[in-house]
Amino acid sequence: MCLHGTPCRWCSGDDGRVDSRTVYVGHRSPPGSDTHIVQKFCSNRIVSSKYTLWNFLPKNLFEQFRRIANFYFLIIFLVQVIVDTPTSPVTSGLPLFFVITVTAVKQGYEDWLRHKADKEVNESTVYVVENKKLVEKECQVIKVGDIVQVTEDLVFPCDLILLSTSREEGVCYVTTASLDGESNHKTYYAVSDTMKLSTDEEVGAVNATIECEQPQSDLYKFVGRMHIYGDTHEPVARSLGPENLLLKGATLKNTKKIYGVAVYTGMETKMALNYQGKSQKRSVVEKSINSFLLVYLFLLLSKAVVCTTLKYVWQTKFFLDEVWYNRPVKKDTNQFLHMFTDFLSFMVLFNFIIPVSMYVTVEMQKFFGSFFISWDEEMYDEKIQEGALVNTSDLNEELGQVEYVFTDKTGTLTENNMEFIECCIDGYRYSHKDPFTEVDGFCSTDGPITKLYGRAEKEREELFLRALCLCHTVEINEEDQPDRPTKNDNCRTYISSSPDEIALVKGAEKYGFSFIGRENNYLKIQNRSNETEWYQLLHILNFDPVRRRMSVIVKMQSGSIVLICKGADSSIIPRVKQDHVEEIKRHVECNALDGYRTLCVAYRELEQDEYNVMDSQLNEAKLALHERDRKMSEVYDTIETDMQLIGATAVEDKLQEQAAETIEALHEAGIKVWVLTGDKMETAKSTCYASRLFRNDTELLELTTKTTGDVDRKEERLHELLREFHKTLMQGITNHRQGSRKSWMSVKEYGLIIDGSTLSLILNPEDDRQSTQHRMLFLQICQKCTAVLCCRMAPLQKAQIVRMVKNTKGRPITLSVGDGANDVSMILEAHVGIGIKGKEGRQAARNSDYAILKFKHLRKLILVHGHLFYVRIAHLVQYFFYKNLCFILPQFLYQFFCGFSQQPLYDAAYLTMYNICFTSLPILAYSLLEQRTSIERLSTEFKLYKNISNNALLQWKPFLYWTSLGLYEGLVFFFGAYSVIRNSALGDNGQVFGNWTFGTLIFTILVFTVTVKLALDTRYWTWLNHLVIWGSLAFYVFFSFFWGGIIWPFIKQQRMYFVFAHMLTSVSVWLTIILLIFVSLLPDILVTVFKNSREAQHQNVNCSSTVLLLSCKFHESNHII
């Protein structure tokens, strides 16, 4: 076990006690301290494996027997070993051994691969600075505090704080594809006081300590500070953040070498903490299986109780029990113990009604079935050479039960490929749509919204463009960065985690101002005159989804200090002076109605004294270890005030290909689609109309800050609106049910729009008594709307919405789809999480259950793959219970004819092989390949999805049908064979058939019937289906001849010798087998024919109705004309 070596300690400048660790760089004691306490941390040895050679067997067995079915069969096996039962322990032990062995081999092989990968990583070569010299070591021996050298294109061996790089500006470039899937280069920064150290001797001489938080899994969060000791004993403190932390698993790029100090090693690295798994999600099919198991367990107990009771009733009748050829039954003094052992014996005799092999078959079906998603060529993207990814196969069938889809907007419904469209400066509109009307670097204005044919002052124009070039985190790709400034756009490739920022920088470039890079904390801009301007970057106030804005503080060439801020209008406008605000707001609203993404830009000039105070506050907050994020946010709020609004930008994010068609298909399938986005309402509403989430005739109900009105009575107004909307919807539903003369022509559709602040009032009102009432009304309104748009949503609110819906009455199955880190919370919250491999990184795809390339792929994933997966596994589950009931019912009936003596009807070999060999492969092949409805039809007739909704195929009605079918066929098998076997001489030679022939006859009819039943159910035949179905029957016949054709030396009683071959010499037996198979399957055949005829008739009625509807519409339109 890894030890967190440092106890909690008081940190100077912090308000509370902090769980932190202290790392001594190079294991050197700070000046003034003779010794320091050696702390124990994890070694750098990676252990991703689950087992060792010594604990594999006990640990694996313990985990497998935690499953109820495995544990149940273990108890049955032990009972057979301990108690004198009618069947051999082999009958239960061998199937159980097979299941346990297959699972253990699979898990053991997977773990062996993990051991192999671990060994390769642990024994890889690394270079550590010791005593100012570079020493070669194995990766697994790195300790916290070691100074490690990493060269270009190598992977970081542990989590390192960057001390220095081979680049003069103290930065390095890293790819984190193995962590979050992002292949673009990210920039990391060395500590400013150590960035110039370039040799082993200089780095080895560093005397410093690092205080940082204990390991945690968030890849994008790190809090720490570094104390650097110089000639004096007073250390210099520098804050450390995620931009200084190089993560294990990331790769160094475009940098010859770096030096870093290890802070987290081995299983405490962020990569290792992220690979410890997510909470398991259970599908609705698993819950149905458990319910059915309880029913069959009750049947098993009932059979055992009935047989035990009737046995002792039988024994009380002297003329039945004391027959002349039996010795008298001795009366047992401990009759209750004897009754209990008899009860256990009957439990053992009937235990095969519980299908233990079903679990293995279900796991195999899910595992192999998931490959059909990965192999789907229609879900493959040629551009990036990737296809769909299945992160968990446990939820395949859940894709066929989705009732609600929650989707992000940007990057999910849209391309997340931003294009700068226009901007507004001081109320004047500047458009770049016509490149031939350019004047002084600007396009001629096509008219401001409030001012006709004018322009802002040149100074304000240039201030706005400089703000776009300075307020961002964009980097220029090292390979594309020119040696000197140039006007050629093709020479630069911009890199940023946000496509919006790149679009704004490119937009400024079109108007004559170009960002050409950063160097030693200076930003370089090329102006219209082709001159280079330098700006000292003093601070970056990073963007976060709560503030919804970012700022930079820069020092101009003139020496003045300026704060530049950009962000959402809702977060910028309340913090600015009211000059030109209304004009710019109207421009923003107009752009939002056109579906563009908008940002506002503001600035503030700072006095030197004012900046000094801000600088002190920022540095103090950055050095905090305890609640750094909160303190930073508070400082940001105080700085980003009293600004002047310059203008706004409009960026277009085009709708993804076939996004609208996908939403229409989901609606037709009966699935409700909700859009959860952080964008402003107007932009999101426009996208919803474009994607056909809202139609032109959809009546929209708004619950936003605009409709709730006055701050003082928001909750009262909200309550009024909720009741009003609920009343409107209920009246609409009542009118629809009553049905007017033209009700067939159109059904009124309603859509709901709600924003984040109003949702907060619903979920967290000031009066707790209203919380439940508000939530119930809100949910009822949402459930009656065809579509819902939630705008201005924080990531946590997205998860709250999903949780609220999935916990409603009926527990509807929810699916969340998104592409960014802000969507991870709702992806994890939903029953099924879908990640899109988008341009905002791969965090969503990495945390999802399934990952796809485009939103349009969701249609096939749910409506085709989901439909097929559910139908297949539902048939698999019902079939397993059915065939086991057919198997055991004759054994139960046989007890009435053998004096409840626990005499088995079937041979032990048949008991053992029935579920393992004779009937397992056909249903596995069926559950992988069957297409009861063709893929082509599922891809066009989306309403078919409704036929399987609400777990339709695993409800009690179909379960009772399958159970009744099993009971009927079991009765036919037994009494049909009994009526034939009563003939004393069936053989040509007059030889009498015995009880083992009777059991073999029933078993033969059973195997052929359940297999032919599956063949009749098969609609989609492949060579594999033919092979396993007819091959299984042939194998049964071969095995029976083989098993009964040899005298086995290890078996005392050769009771099956020549039984099968002799049985088939009788013509009566052949006729009996054929007749009973036909009689057994006849009801199911008749039901199938009846269903097919009804479906055909229903389709004809639908076609006639459609023709009549079109005809009526045509006549009505002519009448109106």
# chains A, B, ... in the order shown; residues from 1 in each chain; ligands from 1

$ select_by_dssp --residues "stretch 239-303 of chain A" --states "helix (DSSP H, G or I)" --output "tab-separated table (two decimals) with N, CA and C atoms, in the first residue's frame"
chain	number	residue	atom	x	y	z
A	242	PRO	N	-1.35	23.90	-12.78
A	242	PRO	CA	-1.33	22.81	-13.78
A	242	PRO	C	-0.44	23.10	-14.97
A	243	GLU	N	-0.14	24.39	-15.22
A	243	GLU	CA	0.75	24.73	-16.34
A	243	GLU	C	2.21	24.40	-16.05
A	244	ASN	N	2.52	24.06	-14.78
A	244	ASN	CA	3.89	23.69	-14.40
A	244	ASN	C	4.06	22.19	-14.20
A	266	GLY	N	4.45	6.54	-9.26
A	266	GLY	CA	3.77	5.25	-9.20
A	266	GLY	C	2.26	5.36	-9.24
A	267	MET	N	1.62	4.74	-8.28
A	267	MET	CA	0.17	4.68	-8.24
A	267	MET	C	-0.47	5.96	-7.75
A	268	GLU	N	0.37	6.96	-7.42
A	268	GLU	CA	-0.17	8.26	-7.01
A	268	GLU	C	-0.13	9.28	-8.13
A	270	LYS	N	-1.38	11.11	-11.56
A	270	LYS	CA	-2.75	11.38	-12.01
A	270	LYS	C	-3.22	10.35	-13.02
A	271	MET	N	-2.32	9.86	-13.84
A	271	MET	CA	-2.69	8.85	-14.82
A	271	MET	C	-3.17	7.57	-14.11
A	272	ALA	N	-2.43	7.13	-13.09
A	272	ALA	CA	-2.81	5.92	-12.37
A	272	ALA	C	-4.13	6.11	-11.62
A	273	LEU	N	-4.33	7.28	-11.03
A	273	LEU	CA	-5.56	7.55	-10.30
A	273	LEU	C	-6.77	7.58	-11.23
A	274	ASN	N	-6.53	7.98	-12.49
A	274	ASN	CA	-7.64	8.03	-13.45
A	274	ASN	C	-7.98	6.67	-14.01
A	284	VAL	N	-31.19	-2.44	-17.54
A	284	VAL	CA	-32.52	-2.88	-17.15
A	284	VAL	C	-32.69	-4.38	-17.37
A	285	VAL	N	-31.93	-4.95	-18.31
A	285	VAL	CA	-32.00	-6.39	-18.56
A	285	VAL	C	-31.50	-7.17	-17.34
A	286	GLU	N	-30.43	-6.70	-16.72
A	286	GLU	CA	-29.91	-7.36	-15.52
A	286	GLU	C	-30.96	-7.38	-14.42
A	287	LYS	N	-31.69	-6.29	-14.28
A	287	LYS	CA	-32.73	-6.24	-13.25
A	287	LYS	C	-33.86	-7.22	-13.57
A	288	SER	N	-34.19	-7.35	-14.86
A	288	SER	CA	-35.22	-8.31	-15.25
A	288	SER	C	-34.77	-9.73	-14.99
A	289	ILE	N	-33.50	-10.02	-15.29
A	289	ILE	CA	-32.96	-11.36	-15.04
A	289	ILE	C	-33.07	-11.71	-13.56
A	290	ASN	N	-32.74	-10.75	-12.70
A	290	ASN	CA	-32.83	-11.00	-11.26
A	290	ASN	C	-34.28	-11.27	-10.83
A	291	SER	N	-35.22	-10.54	-11.42
A	291	SER	CA	-36.64	-10.77	-11.08
A	291	SER	C	-37.08	-12.15	-11.53
A	292	PHE	N	-36.69	-12.54	-12.75
A	292	PHE	CA	-37.07	-13.86	-13.25
A	292	PHE	C	-36.41	-14.97	-12.44
A	293	LEU	N	-35.18	-14.72	-12.01
A	293	LEU	CA	-34.49	-15.71	-11.18
A	293	LEU	C	-35.24	-15.96	-9.88
A	294	LEU	N	-35.79	-14.90	-9.31
A	294	LEU	CA	-36.55	-15.07	-8.07
A	294	LEU	C	-37.77	-15.94	-8.31
A	295	VAL	N	-38.43	-15.76	-9.45
A	295	VAL	CA	-39.60	-16.58	-9.77
A	295	VAL	C	-39.20	-18.05	-9.90
A	296	TYR	N	-38.12	-18.30	-10.63
A	296	TYR	CA	-37.70	-19.69	-10.83
A	296	TYR	C	-37.12	-20.29	-9.55
A	297	LEU	N	-36.54	-19.46	-8.70
A	297	LEU	CA	-36.09	-19.96	-7.41
A	297	LEU	C	-37.29	-20.36	-6.56
A	298	PHE	N	-38.37	-19.58	-6.65
A	298	PHE	CA	-39.60	-19.93	-5.94
A	298	PHE	C	-40.17	-21.24	-6.49
A	299	LEU	N	-40.13	-21.42	-7.83
A	299	LEU	CA	-40.58	-22.68	-8.42
A	299	LEU	C	-39.75	-23.85	-7.93
A	300	LEU	N	-38.44	-23.64	-7.84
A	300	LEU	CA	-37.55	-24.70	-7.36
A	300	LEU	C	-37.88	-25.09	-5.93
A	301	LEU	N	-38.04	-24.09	-5.07
A	301	LEU	CA	-38.37	-24.37	-3.67
A	301	LEU	C	-39.73	-25.06	-3.56
A	302	SER	N	-40.68	-24.59	-4.38
A	302	SER	CA	-42.02	-25.18	-4.34
A	302	SER	C	-41.97	-26.64	-4.75
A	303	LYS	N	-41.24	-26.96	-5.80
A	303	LYS	CA	-41.13	-28.35	-6.24
A	303	LYS	C	-40.50	-29.22	-5.17

$ residues_around --residues "stretch 927-935 of chain A" --least-positions-apart "4" --cutoff "7 Å" --atoms "only C-alpha atoms" --output "ChimeraX atom specification"
/A:365,369,864,868,872-873,876,923,939,1018-1020

$ atom_distance --atom1 "atom CA of A:Val126" --atom2 "atom CA of A:Ile147"
10.8 Å

$ residues_around --residues "stretch 809-811 of chain A" --least-positions-apart "2" --cutoff "12 Å" --atoms "only C-alpha atoms" --output "PDB file with C-alpha atoms, in the first residue's frame"
ATOM      1  CA  VAL A 284     -32.522  -2.881 -17.152  1.00  0.00           C
ATOM      2  CA  GLN A 401     -34.379   1.406 -24.134  1.00  0.00           C
ATOM      3  CA  VAL A 402     -33.512   5.113 -24.261  1.00  0.00           C
ATOM      4  CA  GLU A 403     -36.386   7.482 -23.466  1.00  0.00           C
ATOM      5  CA  TYR A 404     -34.524  10.767 -22.987  1.00  0.00           C
ATOM      6  CA  MET A 776     -43.081  18.337  -9.521  1.00  0.00           C
ATOM      7  CA  LEU A 779     -41.168  17.805 -14.320  1.00  0.00           C
ATOM      8  CA  GLN A 780     -44.796  17.439 -15.385  1.00  0.00           C
ATOM      9  CA  GLN A 783     -42.701  15.456 -19.684  1.00  0.00           C
ATOM     10  CA  VAL A 802     -30.206  14.379 -15.845  1.00  0.00           C
ATOM     11  CA  ARG A 803     -30.415  13.096 -12.267  1.00  0.00           C
ATOM     12  CA  MET A 804     -33.812  14.734 -11.743  1.00  0.00           C
ATOM     13  CA  VAL A 805     -35.301  13.134 -14.864  1.00  0.00           C
ATOM     14  CA  LYS A 806     -33.871   9.650 -14.328  1.00  0.00           C
ATOM     15  CA  ASN A 807     -35.200   9.560 -10.750  1.00  0.00           C
ATOM     16  CA  ILE A 813     -33.637   5.399 -19.302  1.00  0.00           C
ATOM     17  CA  THR A 814     -31.518   8.467 -20.001  1.00  0.00           C
ATOM     18  CA  ALA A 830     -26.919   9.262 -17.268  1.00  0.00           C
ATOM     19  CA  HIS A 831     -27.711   5.574 -17.650  1.00  0.00           C
ATOM     20  CA  ASN A 950     -40.278   0.273 -21.682  1.00  0.00           C
ATOM     21  CA  ASN A 951     -38.491  -3.086 -21.634  1.00  0.00           C
TER      22      ASN A 951
END

$ select_by_dssp --residues "stretch 72-168 of chain A" --states "strand (DSSP E or B)" --output "list in words"
Thr125, Val126, Tyr127, Val128, Val129, Glu130, Lys133, Leu134, Val135, Glu136, Lys137, Glu138, Ile147, Val148, Gln149, Val150, Thr151, Val155, Asp159, Leu160, Ile161, Leu162, Leu163, Ser164 and Thr165 of chain A

$ closest_residue --among "A:Glu169, A:Asp594, A:Glu720, A:Asp342" --to "A:Lys685" --atoms "only C-alpha atoms"
A:Asp594

$ closest_residue --among "A:Asn619, A:Thr598, A:Gln1097, A:Ser848" --to "A:Ile572" --atoms "only C-alpha atoms"
A:Thr598

$ residues_around --residues "A:Leu96" --least-positions-apart "6" --cutoff "9 Å" --atoms "only C-alpha atoms" --output "count of residues only"
6

$ atom_distance --atom1 "atom CA of A:Pro499" --atom2 "atom CA of A:Thr410"
10.6 Å

$ closest_residue --among "A:Val150, A:Val817, A:Ala908, A:Ala650" --to "A:Lys798" --atoms "only C-alpha atoms"
A:Val817

$ residues_around --residues "A:Asn696" --least-positions-apart "5" --cutoff "12 Å" --atoms "only C-alpha atoms" --output "list in words"
Lys685, Ser686, Cys688, Tyr689, Ala690, Ser691, Lys748, Glu749, Tyr750 and Gly751 of chain A

$ atom_distance --atom1 "atom CA of A:Asn207" --atom2 "atom CA of A:Val236"
11.1 Å

$ closest_residue --among "A:Arg604, A:Lys837, A:Lys883, A:Lys585" --to "A:Ser551" --atoms "only C-alpha atoms"
A:Arg604

$ residues_around --residues "A:Asn612" --least-positions-apart "4" --cutoff "12 Å" --atoms "only C-alpha atoms" --output "number ranges by chain"
A: 538, 553, 561, 606-608, 616-619, 639

$ write_last_selection --atoms "N, CA and C atoms" --output "tab-separated table (two decimals), in the first residue's frame"
chain	number	residue	atom	x	y	z
A	538	LEU	N	1.54	40.54	-17.86
A	538	LEU	CA	1.72	40.56	-16.41
A	538	LEU	C	0.94	39.45	-15.72
A	553	ILE	N	-3.80	41.04	-18.04
A	553	ILE	CA	-3.28	42.35	-17.64
A	553	ILE	C	-1.95	42.52	-18.36
A	561	ILE	N	-0.69	50.41	-17.98
A	561	ILE	CA	-1.13	49.05	-17.67
A	561	ILE	C	-2.63	48.95	-17.96
A	606	LEU	N	-5.38	50.81	-15.71
A	606	LEU	CA	-5.03	50.69	-14.30
A	606	LEU	C	-3.90	51.65	-13.95
A	607	GLU	N	-4.05	52.33	-12.80
A	607	GLU	CA	-2.94	53.12	-12.26
A	607	GLU	C	-1.91	52.18	-11.65
A	608	GLN	N	-0.68	52.65	-11.52
A	608	GLN	CA	0.39	51.80	-11.01
A	608	GLN	C	0.08	51.33	-9.59
A	616	SER	N	-0.40	42.12	-5.76
A	616	SER	CA	-0.20	41.51	-4.45
A	616	SER	C	-1.32	40.51	-4.13
A	617	GLN	N	-2.57	40.89	-4.44
A	617	GLN	CA	-3.70	39.99	-4.18
A	617	GLN	C	-3.61	38.72	-5.02
A	618	LEU	N	-3.25	38.88	-6.29
A	618	LEU	CA	-3.15	37.72	-7.18
A	618	LEU	C	-2.05	36.78	-6.72
A	619	ASN	N	-0.90	37.33	-6.38
A	619	ASN	CA	0.22	36.48	-5.95
A	619	ASN	C	-0.11	35.75	-4.65
A	639	ILE	N	-11.15	42.44	-9.39
A	639	ILE	CA	-10.36	43.09	-10.46
A	639	ILE	C	-11.24	43.41	-11.67

$ closest_residue --among "A:Lys143, A:Arg225, A:Lys133, A:Arg167" --to "A:Arg628" --atoms "only C-alpha atoms"
A:Arg225

$ closest_residue --among "A:Tyr188, A:Tyr961, A:Tyr926, A:Phe346" --to "A:Asn1025" --atoms "only C-alpha atoms"
A:Tyr926
